[in-house]
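Participant: What follows is the file my_file_19.cif, containing mmCIF, C-alpha atoms and all ligand atoms:
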data_upload
#
loop_
_atom_site.group_PDB
_atom_site.id
_atom_site.type_symbol
_atom_site.label_atom_id
_atom_site.label_comp_id
_atom_site.auth_asym_id
_atom_site.auth_seq_id
_atom_site.Cartn_x
_atom_site.Cartn_y
_atom_site.Cartn_z
ATOM 1 C CA MET A 51 0.000 0.000 0.000
ATOM 2 C CA ILE A 52 1.446 3.352 -1.009
ATOM 3 C CA ILE A 53 0.573 5.795 1.738
ATOM 4 C CA LYS A 54 2.850 8.679 0.931
ATOM 5 C CA LYS A 55 3.016 9.659 -2.733
ATOM 6 C CA ASN A 56 5.376 12.124 -4.325
ATOM 7 C CA GLU A 57 3.081 14.496 -6.149
ATOM 8 C CA VAL A 58 4.642 17.750 -7.236
ATOM 9 C CA PRO A 59 8.415 18.057 -7.223
ATOM 10 C CA LEU A 60 8.406 21.602 -5.790
ATOM 11 C CA LYS A 61 12.119 22.335 -6.098
ATOM 12 C CA LEU A 62 12.067 21.226 -9.731
ATOM 13 C CA ARG A 63 9.056 23.457 -10.507
ATOM 14 C CA GLY A 64 10.783 26.399 -8.799
ATOM 15 C CA LEU A 65 14.048 25.894 -10.672
ATOM 16 C CA GLU A 66 12.183 25.578 -13.976
ATOM 17 C CA ALA A 67 10.501 28.913 -13.289
ATOM 18 C CA LEU A 68 13.813 30.511 -12.349
ATOM 19 C CA ASN A 69 15.728 29.099 -15.303
ATOM 20 C CA SER A 70 13.071 30.207 -17.806
ATOM 21 C CA ARG A 71 13.243 33.754 -16.442
ATOM 22 C CA LEU A 72 17.011 34.294 -16.425
ATOM 23 C CA SER A 73 18.821 35.851 -19.341
ATOM 24 C CA HIS A 74 21.473 33.604 -20.935
ATOM 25 C CA SER A 75 23.991 36.397 -20.496
ATOM 26 C CA TYR A 76 23.505 36.444 -16.713
ATOM 27 C CA LYS A 77 26.573 35.054 -14.950
ATOM 28 C CA LYS A 78 24.719 32.638 -12.685
ATOM 29 C CA GLN A 79 22.499 31.235 -15.479
ATOM 30 C CA SER A 80 24.705 28.269 -16.388
ATOM 31 C CA GLY A 81 24.974 27.244 -12.718
ATOM 32 C CA ILE A 82 21.175 27.341 -12.355
ATOM 33 C CA ALA A 83 20.731 25.370 -15.600
ATOM 34 C CA GLU A 84 23.119 22.711 -14.240
ATOM 35 C CA GLU A 85 21.310 22.593 -10.894
ATOM 36 C CA LEU A 86 18.023 22.177 -12.798
ATOM 37 C CA ARG A 87 19.503 19.300 -14.796
ATOM 38 C CA ILE A 88 20.635 17.522 -11.590
ATOM 39 C CA VAL A 89 17.288 18.009 -9.820
ATOM 40 C CA ARG A 90 15.382 16.848 -12.923
ATOM 41 C CA ALA A 91 17.532 13.704 -13.153
ATOM 42 C CA GLY A 92 16.804 13.038 -9.478
ATOM 43 C CA VAL A 93 13.052 13.429 -9.991
ATOM 44 C CA ASN A 94 13.124 11.158 -13.038
ATOM 45 C CA GLY A 95 15.022 8.572 -11.026
ATOM 46 C CA GLU A 96 12.461 8.722 -8.223
ATOM 47 C CA ARG A 97 9.720 8.268 -10.804
ATOM 48 C CA ILE A 98 11.337 4.983 -11.911
ATOM 49 C CA LEU A 99 11.133 3.766 -8.303
ATOM 50 C CA THR A 100 7.526 4.957 -7.963
ATOM 51 C CA ASN A 101 6.522 3.104 -11.127
ATOM 52 C CA ILE A 102 8.073 -0.144 -9.944
ATOM 53 C CA PHE A 103 5.965 -0.054 -6.783
ATOM 54 C CA LEU A 104 2.851 0.824 -8.758
ATOM 55 C CA LYS A 105 3.408 -2.078 -11.127
ATOM 56 C CA TYR A 106 4.137 -4.851 -8.648
ATOM 57 C CA SER A 107 2.093 -5.851 -5.675
ATOM 58 C CA PHE A 108 3.024 -7.871 -2.629
ATOM 59 C CA LEU A 109 0.610 -10.067 -0.733
ATOM 60 C CA ASP A 110 1.702 -9.465 2.844
ATOM 61 C CA ARG A 111 0.928 -6.264 4.668
ATOM 62 C CA HIS A 112 3.383 -3.497 3.820
ATOM 63 C CA TYR A 113 3.670 0.267 3.414
ATOM 64 C CA ILE A 114 5.476 2.354 0.820
ATOM 65 C CA PHE A 115 6.452 5.989 1.338
ATOM 66 C CA HIS A 116 7.904 8.208 -1.365
ATOM 67 C CA ASP A 117 9.804 11.392 -0.644
ATOM 68 C CA LEU A 118 9.657 11.302 3.112
ATOM 69 C CA ASN A 119 11.267 14.145 5.114
ATOM 70 C CA LEU A 120 11.888 13.314 8.748
ATOM 71 C CA GLN A 121 13.798 14.572 11.717
ATOM 72 C CA SER A 122 15.516 12.557 14.418
ATOM 73 C CA THR A 123 19.046 13.442 15.524
ATOM 74 C CA GLY A 124 19.202 15.326 12.207
ATOM 75 C CA LEU A 125 17.014 16.131 9.229
ATOM 76 C CA PHE A 126 16.881 13.467 6.544
ATOM 77 C CA GLN A 127 15.063 12.718 3.315
ATOM 78 C CA LEU A 128 14.237 9.241 2.023
ATOM 79 C CA ASP A 129 13.513 8.652 -1.690
ATOM 80 C CA THR A 130 11.502 5.505 -1.004
ATOM 81 C CA LEU A 131 10.934 3.656 2.251
ATOM 82 C CA PHE A 132 9.411 0.186 2.307
ATOM 83 C CA LEU A 133 8.006 -1.090 5.583
ATOM 84 C CA SER A 134 6.868 -4.625 6.429
ATOM 85 C CA HIS A 135 6.637 -6.983 9.425
ATOM 86 C CA GLN A 136 10.189 -8.059 8.598
ATOM 87 C CA GLY A 137 11.897 -4.688 8.570
ATOM 88 C CA ALA A 138 12.417 -1.442 6.698
ATOM 89 C CA VAL A 139 14.197 -0.929 3.386
ATOM 90 C CA ILE A 140 15.550 2.431 2.256
ATOM 91 C CA PHE A 141 15.786 2.640 -1.523
ATOM 92 C CA GLU A 142 18.014 5.398 -2.889
ATOM 93 C CA MET A 143 17.849 6.005 -6.602
ATOM 94 C CA LYS A 144 21.190 6.799 -8.207
ATOM 95 C CA ASN A 145 20.608 8.247 -11.628
ATOM 96 C CA ILE A 146 24.261 8.098 -12.649
ATOM 97 C CA ALA A 147 24.794 6.851 -16.188
ATOM 98 C CA GLY A 148 28.034 5.444 -17.605
ATOM 99 C CA ASP A 149 30.631 2.870 -16.514
ATOM 100 C CA ILE A 150 31.110 2.977 -12.770
ATOM 101 C CA LYS A 151 34.124 2.096 -10.678
ATOM 102 C CA PHE A 152 33.858 2.177 -6.891
ATOM 103 C CA LEU A 153 36.837 3.705 -5.060
ATOM 104 C CA HIS A 154 36.849 1.995 -1.672
ATOM 105 C CA GLU A 155 39.394 4.142 0.149
ATOM 106 C CA SER A 156 37.821 7.473 -0.588
ATOM 107 C CA ARG A 157 34.262 6.051 -0.477
ATOM 108 C CA GLN A 158 33.523 7.544 -3.850
ATOM 109 C CA LEU A 159 32.567 6.288 -7.267
ATOM 110 C CA MET A 160 34.076 7.272 -10.542
ATOM 111 C CA ARG A 161 31.960 7.192 -13.654
ATOM 112 C CA LYS A 162 33.158 7.330 -17.217
ATOM 113 C CA LEU A 163 30.880 8.410 -20.038
ATOM 114 C CA GLU A 164 31.180 7.225 -23.623
ATOM 115 C CA ASN A 165 32.670 10.562 -24.687
ATOM 116 C CA GLY A 166 35.516 10.057 -22.203
ATOM 117 C CA GLN A 167 34.233 12.473 -19.569
ATOM 118 C CA VAL A 168 35.076 11.345 -16.033
ATOM 119 C CA ASP A 169 33.195 12.472 -12.898
ATOM 120 C CA VAL A 170 33.491 11.515 -9.246
ATOM 121 C CA PHE A 171 30.525 11.162 -6.847
ATOM 122 C CA GLU A 172 30.044 10.153 -3.233
ATOM 123 C CA CYS A 173 29.537 6.392 -2.914
ATOM 124 C CA PRO A 174 25.817 5.672 -2.281
ATOM 125 C CA SER A 175 26.828 3.542 0.714
ATOM 126 C CA VAL A 176 27.778 6.766 2.554
ATOM 127 C CA GLN A 177 24.320 8.304 2.147
ATOM 128 C CA LEU A 178 22.564 5.010 2.890
ATOM 129 C CA GLU A 179 24.573 4.573 6.071
ATOM 130 C CA ARG A 180 23.776 8.114 7.180
ATOM 131 C CA ASN A 181 20.059 7.657 6.493
ATOM 132 C CA LYS A 182 20.029 4.257 8.201
ATOM 133 C CA PHE A 183 21.479 5.797 11.370
ATOM 134 C CA LEU A 184 18.993 8.650 11.329
ATOM 135 C CA LEU A 185 16.034 6.330 10.700
ATOM 136 C CA GLU A 186 17.277 4.030 13.454
ATOM 137 C CA ASP A 187 17.295 7.050 15.802
ATOM 138 C CA TRP A 188 13.786 7.943 14.639
ATOM 139 C CA PHE A 189 12.537 4.381 15.304
ATOM 140 C CA HIS A 190 14.281 4.464 18.655
ATOM 141 C CA SER A 191 12.534 7.662 19.736
ATOM 142 C CA ASN A 192 9.224 6.117 18.611
ATOM 143 C CA ASP A 193 9.696 3.043 20.815
ATOM 144 C CA LEU A 194 10.734 0.701 18.057
ATOM 145 C CA LYS A 195 14.050 -0.836 18.975
ATOM 146 C CA GLY A 196 16.067 -3.403 17.058
ATOM 147 C CA PHE A 197 13.905 -3.160 13.930
ATOM 148 C CA PRO A 198 16.101 -4.162 10.962
ATOM 149 C CA ILE A 199 16.828 -1.434 8.403
ATOM 150 C CA HIS A 200 18.257 -2.364 5.020
ATOM 151 C CA GLY A 201 19.704 0.039 2.507
ATOM 152 C CA VAL A 202 19.579 -0.453 -1.273
ATOM 153 C CA ALA A 203 21.124 1.686 -4.001
ATOM 154 C CA VAL A 204 19.147 1.472 -7.245
ATOM 155 C CA PHE A 205 20.762 2.184 -10.597
ATOM 156 C CA PRO A 206 18.411 2.689 -13.551
ATOM 157 C CA SER A 207 20.032 0.748 -16.365
ATOM 158 C CA PRO A 208 20.838 -2.979 -16.303
ATOM 159 C CA ARG A 209 23.230 -2.329 -19.190
ATOM 160 C CA GLN A 210 25.547 -0.417 -16.879
ATOM 161 C CA ARG A 211 28.979 -1.829 -16.034
ATOM 162 C CA PHE A 212 30.243 -1.802 -12.449
ATOM 163 C CA GLU A 213 33.681 -2.489 -11.060
ATOM 164 C CA ASN A 214 34.715 -3.031 -7.485
ATOM 165 C CA ILE A 215 31.230 -2.988 -5.857
ATOM 166 C CA PRO A 216 31.766 -2.653 -2.062
ATOM 167 C CA GLU A 217 30.743 -5.722 -0.068
ATOM 168 C CA ASN A 218 28.477 -3.726 2.228
ATOM 169 C CA LEU A 219 26.497 -2.169 -0.629
ATOM 170 C CA THR A 220 23.326 -3.763 -1.979
ATOM 171 C CA LEU A 221 22.976 -2.612 -5.564
ATOM 172 C CA LEU A 222 19.875 -3.401 -7.586
ATOM 173 C CA PHE A 223 18.325 -2.507 -10.929
ATOM 174 C CA PRO A 224 14.635 -1.489 -10.792
ATOM 175 C CA LEU A 225 13.286 -4.834 -11.983
ATOM 176 C CA GLU A 226 15.210 -6.673 -9.278
ATOM 177 C CA ILE A 227 13.370 -4.824 -6.511
ATOM 178 C CA PRO A 228 10.218 -7.033 -6.434
ATOM 179 C CA VAL A 229 12.330 -10.191 -6.084
ATOM 180 C CA TYR A 230 14.411 -8.576 -3.322
ATOM 181 C CA ILE A 231 11.238 -7.642 -1.421
ATOM 182 C CA ARG A 232 9.633 -11.060 -1.827
ATOM 183 C CA LYS A 233 12.770 -12.650 -0.357
ATOM 184 C CA LEU A 234 12.720 -10.242 2.569
ATOM 185 C CA MET A 235 9.049 -10.959 3.237
ATOM 186 C CA LYS A 236 9.779 -14.683 3.511
ATOM 187 C CA SER A 237 11.945 -14.121 6.590
ATOM 188 C CA PRO A 238 10.331 -14.341 10.078
ATOM 189 C CA PRO A 239 8.324 -11.280 11.196
ATOM 190 C CA ILE A 240 9.934 -8.947 13.736
ATOM 191 C CA ILE A 241 6.860 -6.923 14.690
ATOM 192 C CA ASP A 242 3.103 -7.634 14.671
ATOM 193 C CA THR A 243 0.506 -5.900 12.492
ATOM 194 C CA GLN A 244 -0.558 -3.513 15.217
ATOM 195 C CA ALA A 245 3.003 -2.240 15.685
ATOM 196 C CA LEU A 246 3.509 -2.031 11.914
ATOM 197 C CA ASP A 247 0.351 0.051 11.417
ATOM 198 C CA LEU A 248 1.254 2.291 14.320
ATOM 199 C CA ILE A 249 4.724 3.038 13.016
ATOM 200 C CA ALA A 250 3.383 3.683 9.484
ATOM 201 C CA ASN A 251 0.888 6.216 10.846
ATOM 202 C CA LYS A 252 3.585 7.882 12.920
ATOM 203 C CA LEU A 253 5.811 8.183 9.849
ATOM 204 C CA VAL A 254 3.083 9.938 7.883
ATOM 205 C CA ALA A 255 2.340 12.277 10.790
ATOM 206 C CA SER A 256 6.028 13.141 11.189
ATOM 207 C CA HIS A 257 6.619 13.994 7.543
ATOM 208 C CA ARG A 258 7.449 17.667 7.046
ATOM 209 C CA GLU A 259 7.070 19.155 3.587
ATOM 210 C CA PHE A 260 10.395 20.611 2.520
ATOM 211 C CA ASN A 261 9.925 24.234 1.471
ATOM 212 C CA PRO A 262 12.379 25.282 -1.269
ATOM 213 C CA PHE A 263 10.773 28.727 -1.722
ATOM 214 C CA PRO A 264 11.423 31.570 -2.293
ATOM 215 C CA ILE A 265 13.766 30.208 -4.945
ATOM 216 C CA CYS A 266 15.449 33.590 -5.619
ATOM 217 C CA LYS A 267 16.445 33.901 -1.988
ATOM 218 C CA LYS A 268 17.688 30.333 -1.849
ATOM 219 C CA TYR A 269 19.958 30.791 -4.873
ATOM 220 C CA LYS A 270 20.831 34.428 -4.036
ATOM 221 C CA ILE A 271 19.426 35.832 -7.267
ATOM 222 C CA ASP A 272 18.603 39.526 -7.342
ATOM 223 C CA SER A 273 14.976 40.220 -8.285
ATOM 224 C CA GLU A 274 16.166 42.590 -11.023
ATOM 225 C CA GLU A 275 17.692 39.640 -12.882
ATOM 226 C CA ILE A 276 14.258 38.012 -13.267
ATOM 227 C CA MET A 277 12.484 38.495 -16.590
ATOM 228 C CA THR A 278 8.873 39.482 -15.975
ATOM 229 C CA GLY A 279 5.903 38.840 -18.280
ATOM 230 C CA VAL A 280 3.669 35.928 -19.190
ATOM 231 C CA ARG A 281 5.479 33.050 -20.852
ATOM 232 C CA CYS A 282 4.325 31.552 -24.130
ATOM 233 C CA ASP A 283 4.467 27.764 -23.814
ATOM 234 C CA GLN A 284 4.824 27.467 -27.573
ATOM 235 C CA CYS A 285 7.979 29.541 -28.174
ATOM 236 C CA GLY A 286 9.159 30.074 -24.583
ATOM 237 C CA LEU A 287 9.366 33.867 -24.768
ATOM 238 C CA HIS A 288 7.784 35.982 -22.034
ATOM 239 C CA GLU A 289 5.916 38.023 -24.566
ATOM 240 C CA MET A 290 2.254 37.216 -24.184
ATOM 241 C CA ILE A 291 -0.091 40.166 -24.355
ATOM 242 C CA SER A 292 -3.411 40.296 -22.576
ATOM 243 C CA THR A 293 -6.494 40.329 -24.833
ATOM 244 C CA THR A 294 -10.185 40.291 -23.941
ATOM 245 C CA ARG A 295 -10.372 36.495 -24.219
ATOM 246 C CA GLY A 296 -6.939 35.536 -22.919
ATOM 247 C CA TRP A 297 -3.338 35.919 -23.991
ATOM 248 C CA ILE A 298 -1.665 36.113 -27.375
ATOM 249 C CA CYS A 299 2.063 35.780 -28.022
ATOM 250 C CA LYS A 300 3.624 38.823 -29.644
ATOM 251 C CA SER A 301 6.280 36.669 -31.207
ATOM 252 C CA CYS A 302 4.582 33.471 -32.495
ATOM 253 C CA LYS A 303 0.871 34.450 -32.192
ATOM 254 C CA HIS A 304 0.069 31.446 -30.016
ATOM 255 C CA PHE A 305 -3.173 31.933 -28.054
ATOM 256 C CA SER A 306 -3.803 30.795 -24.479
ATOM 257 C CA ARG A 307 -6.790 31.370 -22.271
ATOM 258 C CA ASP A 308 -4.942 31.106 -18.975
ATOM 259 C CA ALA A 309 -1.194 31.542 -19.516
ATOM 260 C CA HIS A 310 -1.173 34.003 -16.595
ATOM 261 C CA LYS A 311 -1.744 31.197 -14.084
ATOM 262 C CA GLN A 312 1.769 29.809 -14.486
ATOM 263 C CA ALA A 313 3.214 33.336 -14.252
ATOM 264 C CA VAL A 314 1.382 34.008 -10.975
ATOM 265 C CA LEU A 315 2.638 30.716 -9.537
ATOM 266 C CA ASP A 316 6.138 31.565 -10.813
ATOM 267 C CA TYR A 317 5.936 34.769 -8.789
ATOM 268 C CA PHE A 318 5.063 32.901 -5.600
ATOM 269 C CA MET A 319 7.813 30.334 -6.157
ATOM 270 C CA LEU A 320 10.448 32.940 -6.959
ATOM 271 C CA PHE A 321 9.696 35.706 -4.499
ATOM 272 C CA GLY A 322 7.645 34.316 -1.614
ATOM 273 C CA ASN A 323 4.108 33.813 -0.492
ATOM 274 C CA SER A 324 2.706 37.342 -0.725
ATOM 275 C CA LEU A 325 1.486 39.197 -3.798
ATOM 276 C CA THR A 326 -0.273 42.540 -4.221
ATOM 277 C CA ASN A 327 -2.329 43.773 -7.176
ATOM 278 C CA LYS A 328 0.442 46.229 -8.084
ATOM 279 C CA LYS A 329 3.183 43.595 -8.026
ATOM 280 C CA CYS A 330 0.979 41.252 -10.021
ATOM 281 C CA ARG A 331 0.350 43.949 -12.646
ATOM 282 C CA GLU A 332 4.051 44.637 -12.964
ATOM 283 C CA PHE A 333 4.869 40.963 -13.239
ATOM 284 C CA LEU A 334 2.173 40.098 -15.793
ATOM 285 C CA HIS A 335 2.618 43.382 -17.729
ATOM 286 C CA LEU A 336 -1.015 44.387 -17.153
ATOM 287 C CA SER A 337 -2.277 47.942 -16.854
ATOM 288 C CA SER A 338 -5.801 47.427 -15.501
ATOM 289 C CA ILE A 339 -6.292 47.040 -11.753
ATOM 290 C CA ASP A 340 -9.752 45.503 -12.288
ATOM 291 C CA LYS A 341 -8.563 42.955 -14.781
ATOM 292 C CA THR A 342 -5.724 41.929 -12.444
ATOM 293 C CA THR A 343 -8.203 41.546 -9.570
ATOM 294 C CA ARG A 344 -10.426 39.420 -11.798
ATOM 295 C CA LEU A 345 -7.602 37.131 -12.862
ATOM 296 C CA MET A 346 -6.432 36.639 -9.289
ATOM 297 C CA LYS A 347 -9.997 35.957 -8.181
ATOM 298 C CA GLN A 348 -10.345 33.307 -10.881
ATOM 299 C CA MET A 349 -7.368 31.517 -9.384
ATOM 300 C CA ASN A 350 -9.067 31.452 -5.959
ATOM 301 C CA LEU A 351 -6.018 32.896 -4.243
ATOM 302 C CA PRO A 352 -6.620 33.396 -0.533
ATOM 303 C CA PHE A 353 -6.246 37.029 0.525
ATOM 304 C CA HIS A 354 -6.473 39.394 3.444
ATOM 305 C CA GLY A 355 -6.870 43.165 3.612
ATOM 306 C CA GLU A 356 -8.929 45.432 1.396
ATOM 307 C CA LYS A 357 -8.302 47.549 -1.687
ATOM 308 C CA LYS A 358 -4.689 48.728 -2.006
ATOM 309 C CA GLY A 359 -3.681 46.898 1.148
ATOM 310 C CA ARG A 360 -4.966 43.568 -0.103
ATOM 311 C CA LYS A 361 -2.378 40.821 -0.060
ATOM 312 C CA TYR A 362 -2.759 37.458 -1.724
ATOM 313 C CA THR A 363 -0.973 34.669 0.063
ATOM 314 C CA LEU A 364 -0.411 31.072 -0.856
ATOM 315 C CA SER A 365 0.729 28.488 1.678
ATOM 316 C CA LEU A 366 3.021 25.714 0.530
ATOM 317 C CA LYS A 367 0.131 23.219 0.528
ATOM 318 C CA GLU A 368 -2.071 25.559 -1.533
ATOM 319 C CA LEU A 369 0.774 26.311 -3.952
ATOM 320 C CA GLU A 370 1.334 22.577 -4.394
ATOM 321 C CA LYS A 371 -2.370 22.124 -5.137
ATOM 322 C CA GLN A 372 -2.384 24.954 -7.694
ATOM 323 C CA LEU A 373 0.687 23.487 -9.444
ATOM 324 C CA LEU A 374 -1.020 20.117 -9.541
ATOM 325 C CA TYR A 375 -4.229 21.570 -11.088
ATOM 326 C CA LEU A 376 -2.216 23.469 -13.673
ATOM 327 C CA LYS A 377 -0.446 20.299 -14.759
ATOM 328 C CA LYS A 378 -3.729 18.425 -15.141
ATOM 329 C CA GLU A 379 -5.569 21.102 -17.104
HETATM 330 ZN ZN ZN B 401 5.154 32.423 -28.611
#
Using structure tokens, write down the structure from this file.
Facilitator:
Amino acid sequence: MIIKKNEVPLKLRGLEALNSRLSHSYKKQSGIAEELRIVRAGVNGERILTNIFLKYSFLDRHYIFHDLNLQSTGLFQLDTLFLSHQGAVIFEMKNIAGDIKFLHESRQLMRKLENGQVDVFECPSVQLERNKFLLEDWFHSNDLKGFPIHGVAVFPSPRQRFENIPENLTLLFPLEIPVYIRKLMKSPPIIDTQALDLIANKLVASHREFNPFPICKKYKIDSEEIMTGVRCDQCGLHEMISTTRGWICKSCKHFSRDAHKQAVLDYFMLFGNSLTNKKCREFLHLSSIDKTTRLMKQMNLPFHGEKKGRKYTLSLKELEKQLLYLKKE
């Protein structure tokens, strides 16, 4: 049973907004584009894990959590946590392509791409060990002692070549996961169903949504570097002009009824959770106060204050919901 899904990758959405609104000539642009690439690869990797658990089912009682943020003796984030009577398994997705050689002494791995490029990363065993300790501490403070915790590094492609895999590292490809779990579930139970259900509920209650916003503050980007305007999803330019029925792109003539919605959400992700009519007008390149009010009303943005003092605010949960709606529409 999947009880904690990963719905909207907030950091990815924020970085996409930032990257699309930075000029290519800006000195920090390439660094942001690289960060976006890394975060996107991570999200894609997590999606592979999610799909495996959606595709395969297991008969005995179990719980699956994706993207769980917890705190024990330190803050930690788990890509996927599997919980059964027999123990817990932390799955960490490693979306690192290429030939991989593990360097035992430095606890790193070296990967070589086909074009000859060589990069060095931390060995996944380091992160798994850290997360195992922190989860053990969390179990401990929730009266669950001696519950086995296994750590598994998952690499996406079975065509990958590995050299020197450390003995203490369990390395699987996605399709090997169901077999690994079935084997685990054949071992004798450590806790009863009541204790398993209790700990699963406690995990959900302890999850804290990680807030990556405001993105500009996080990446120390000056607000003046941000391109304003409504983005055309056809040509990518922020050159949509408001018409009576919606928005039309000055450059490619693409029409959209609600292109402003993404721009408003971009504003919240980039600059924080408060927006005024004036700021909204500046950001969307609108001149009419009434039209701006109407558009913000359509989006059901919660607000407080009246007239000029009115401030629209969006909590992280509400922002997540709005991003989810926008994707579905
Ligand atoms: Zn366009």
Participant: My list of candidates is A:Cys330, A:Ile298, A:Leu373, A:Leu104. Which is closest to ligand ZN 401 (chain B) when distances are computed with all atoms listed in the file?
Facilitator: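 Residue with the minimum atom-to-atom distance to ligand ZN 401 (chain B): A:Ile298.
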Participant: Determine, counting all atoms listed in the file, which protein, DNA and RNA residues have an atom within 8 Å of an atom of Leu62 of chain A; residues of the same chain fewer than 2 positions away are not included. Present the result as a ChimeraX atom specification.
Facilitator: /A:59-60,64-66,86,89-90,93
Participant: Once you count only C-alpha atoms and all ligand atoms, what closest atom pair and distance in Å to one decimal does each residue of chain A within 7 Å of ligand ZN 401 (chain B) have, with rows by chain and rising residue number, as JSON lines?
Facilitator:
{"residue": "A:Cys282", "atom": "CA", "partner": "B:ZN401", "partner_atom": "ZN", "distance": 4.6}
{"residue": "A:Asp283", "atom": "CA", "partner": "B:ZN401", "partner_atom": "ZN", "distance": 6.7}
{"residue": "A:Gln284", "atom": "CA", "partner": "B:ZN401", "partner_atom": "ZN", "distance": 5.1}
{"residue": "A:Cys285", "atom": "CA", "partner": "B:ZN401", "partner_atom": "ZN", "distance": 4.1}
{"residue": "A:Gly286", "atom": "CA", "partner": "B:ZN401", "partner_atom": "ZN", "distance": 6.1}
{"residue": "A:Leu287", "atom": "CA", "partner": "B:ZN401", "partner_atom": "ZN", "distance": 5.9}
{"residue": "A:Glu289", "atom": "CA", "partner": "B:ZN401", "partner_atom": "ZN", "distance": 7.0}
{"residue": "A:Cys299", "atom": "CA", "partner": "B:ZN401", "partner_atom": "ZN", "distance": 4.6}
{"residue": "A:Lys300", "atom": "CA", "partner": "B:ZN401", "partner_atom": "ZN", "distance": 6.7}
{"residue": "A:Ser301", "atom": "CA", "partner": "B:ZN401", "partner_atom": "ZN", "distance": 5.1}
{"residue": "A:Cys302", "atom": "CA", "partner": "B:ZN401", "partner_atom": "ZN", "distance": 4.1}
{"residue": "A:Lys303", "atom": "CA", "partner": "B:ZN401", "partner_atom": "ZN", "distance": 5.9}
{"residue": "A:His304", "atom": "CA", "partner": "B:ZN401", "partner_atom": "ZN", "distance": 5.4}
Participant: Once the PyMOL selection byres (((chain A and resi 227-233) around 9) and not hetatm) is applied to the coordinates I shared, what remains selected? I want it as a PyMOL selection string.
Facilitator: chain A and resi 102-103+106-108+132+139+204+222-226+234-237
Participant: Dump as a list in words all residues having an atom at most 9 Å from (10.4, 4.0, -8.1), computed in the file's coordinates with all atoms listed in the file.
Facilitator: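 The requested residues, written out, are Gly95, Glu96, Arg97, Ile98, Leu99, Thr100, Asn101, Ile102, Phe103, Leu104, His116, Asp129, Thr130, Phe141, Met143 and Pro224 of chain A.
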Participant: Report as a list in words all protein, DNA and RNA residues lying within 8 Å of Leu320 of chain A, evaluated on all atoms listed in the file, omitting residues in the same chain fewer than 4 positions from it.
Facilitator: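 Close residues of Leu320 of chain A: Gly64, Ala67, Leu68, Phe263, Pro264, Ile265, Cys266, Lys267 and Asp316 of chain A.
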Participant: Just how far from atom CA of Pro208 of chain A is atom CA of Gln136 of chain A, in Å to one decimal?
Facilitator: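 One can read the atom CA of Gln136 of chain A to atom CA of Pro208 of chain A distance as 27.6 Å.
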Participant: I'd like a table as a Markdown table: residues in segment 86-158 of chain A with an atom no more than 10 Å from segment 164-179 of chain A, each row giving the shortest atom pair and its distance in Å to one decimal, only C-alpha atoms counted, sorted by chain and rising residue number.
Facilitator:
| residue | atom | partner | partner_atom | distance |
| --- | --- | --- | --- | --- |
| A:Leu128 | CA | A:Leu178 | CA | 9.4 |
| A:Ile140 | CA | A:Leu178 | CA | 7.5 |
| A:Phe141 | CA | A:Leu178 | CA | 8.4 |
| A:Glu142 | CA | A:Leu178 | CA | 7.4 |
| A:Met143 | CA | A:Pro174 | CA | 9.1 |
| A:Lys144 | CA | A:Pro174 | CA | 7.6 |
| A:Ile146 | CA | A:Phe171 | CA | 9.1 |
| A:Ala147 | CA | A:Glu164 | CA | 9.8 |
| A:Gly148 | CA | A:Glu164 | CA | 7.0 |
| A:Asp149 | CA | A:Glu164 | CA | 8.4 |
| A:Ile150 | CA | A:Val170 | CA | 9.5 |
| A:Lys151 | CA | A:Val170 | CA | 9.5 |
| A:Phe152 | CA | A:Cys173 | CA | 7.2 |
| A:Leu153 | CA | A:Cys173 | CA | 8.1 |
| A:His154 | CA | A:Cys173 | CA | 8.6 |
| A:Ser156 | CA | A:Glu172 | CA | 8.6 |
| A:Arg157 | CA | A:Cys173 | CA | 5.3 |
| A:Gln158 | CA | A:Cys173 | CA | 4.3 |
Participant: Create the file for the chosen residues now, containing C-alpha atoms and written as a tab-separated table (two decimals), in the frame of the given file.
Facilitator:
chain	number	residue	atom	x	y	z
A	128	LEU	CA	14.24	9.24	2.02
A	140	ILE	CA	15.55	2.43	2.26
A	141	PHE	CA	15.79	2.64	-1.52
A	142	GLU	CA	18.01	5.40	-2.89
A	143	MET	CA	17.85	6.00	-6.60
A	144	LYS	CA	21.19	6.80	-8.21
A	146	ILE	CA	24.26	8.10	-12.65
A	147	ALA	CA	24.79	6.85	-16.19
A	148	GLY	CA	28.03	5.44	-17.60
A	149	ASP	CA	30.63	2.87	-16.51
A	150	ILE	CA	31.11	2.98	-12.77
A	151	LYS	CA	34.12	2.10	-10.68
A	152	PHE	CA	33.86	2.18	-6.89
A	153	LEU	CA	36.84	3.70	-5.06
A	154	HIS	CA	36.85	2.00	-1.67
A	156	SER	CA	37.82	7.47	-0.59
A	157	ARG	CA	34.26	6.05	-0.48
A	158	GLN	CA	33.52	7.54	-3.85
Participant: In the coordinate frame of the file, compute which residues have an atom within 12 Å of (14.7, 6.8, 11.6) when using all atoms listed in the file, and state them as a PyMOL selection string.
Facilitator: chain A and resi 118-128+131+133+138-140+178-200+249-250+252-253+256-257
Participant: Could you give me the axis-aligned bounding box of segment 231-236 of chain A, with 4 Å of padding per side, as centre plus edge lengths in Å to one decimal, as JSON?
Facilitator:
{"center_x": 10.9, "center_y": -11.2, "center_z": 0.8, "size_x": 11.7, "size_y": 15.0, "size_z": 13.3}
Participant: Give the answer as one residue: which of A:Val202, A:Leu325, A:Leu334, A:Met346 has the shortest atom-to-atom distance to Thr363 of chain A, using only C-alpha atoms?
Facilitator: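 With only C-alpha atoms as the atom set, the closest residue is A:Leu325.
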Participant: Excluding segment 366-369 of chain A and residues on its chain fewer than 2 positions from it, collect all residues at most 9 Å away from it, counting all atoms listed in the file, and give them as a list in words.
Facilitator: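 Here the qualifying residues turn out to be Glu259, Asn261, Phe263, Leu315, Phe318, Met319, Asn323, Leu351, Leu364, Lys371, Gln372, Leu373 and Leu374 of chain A.
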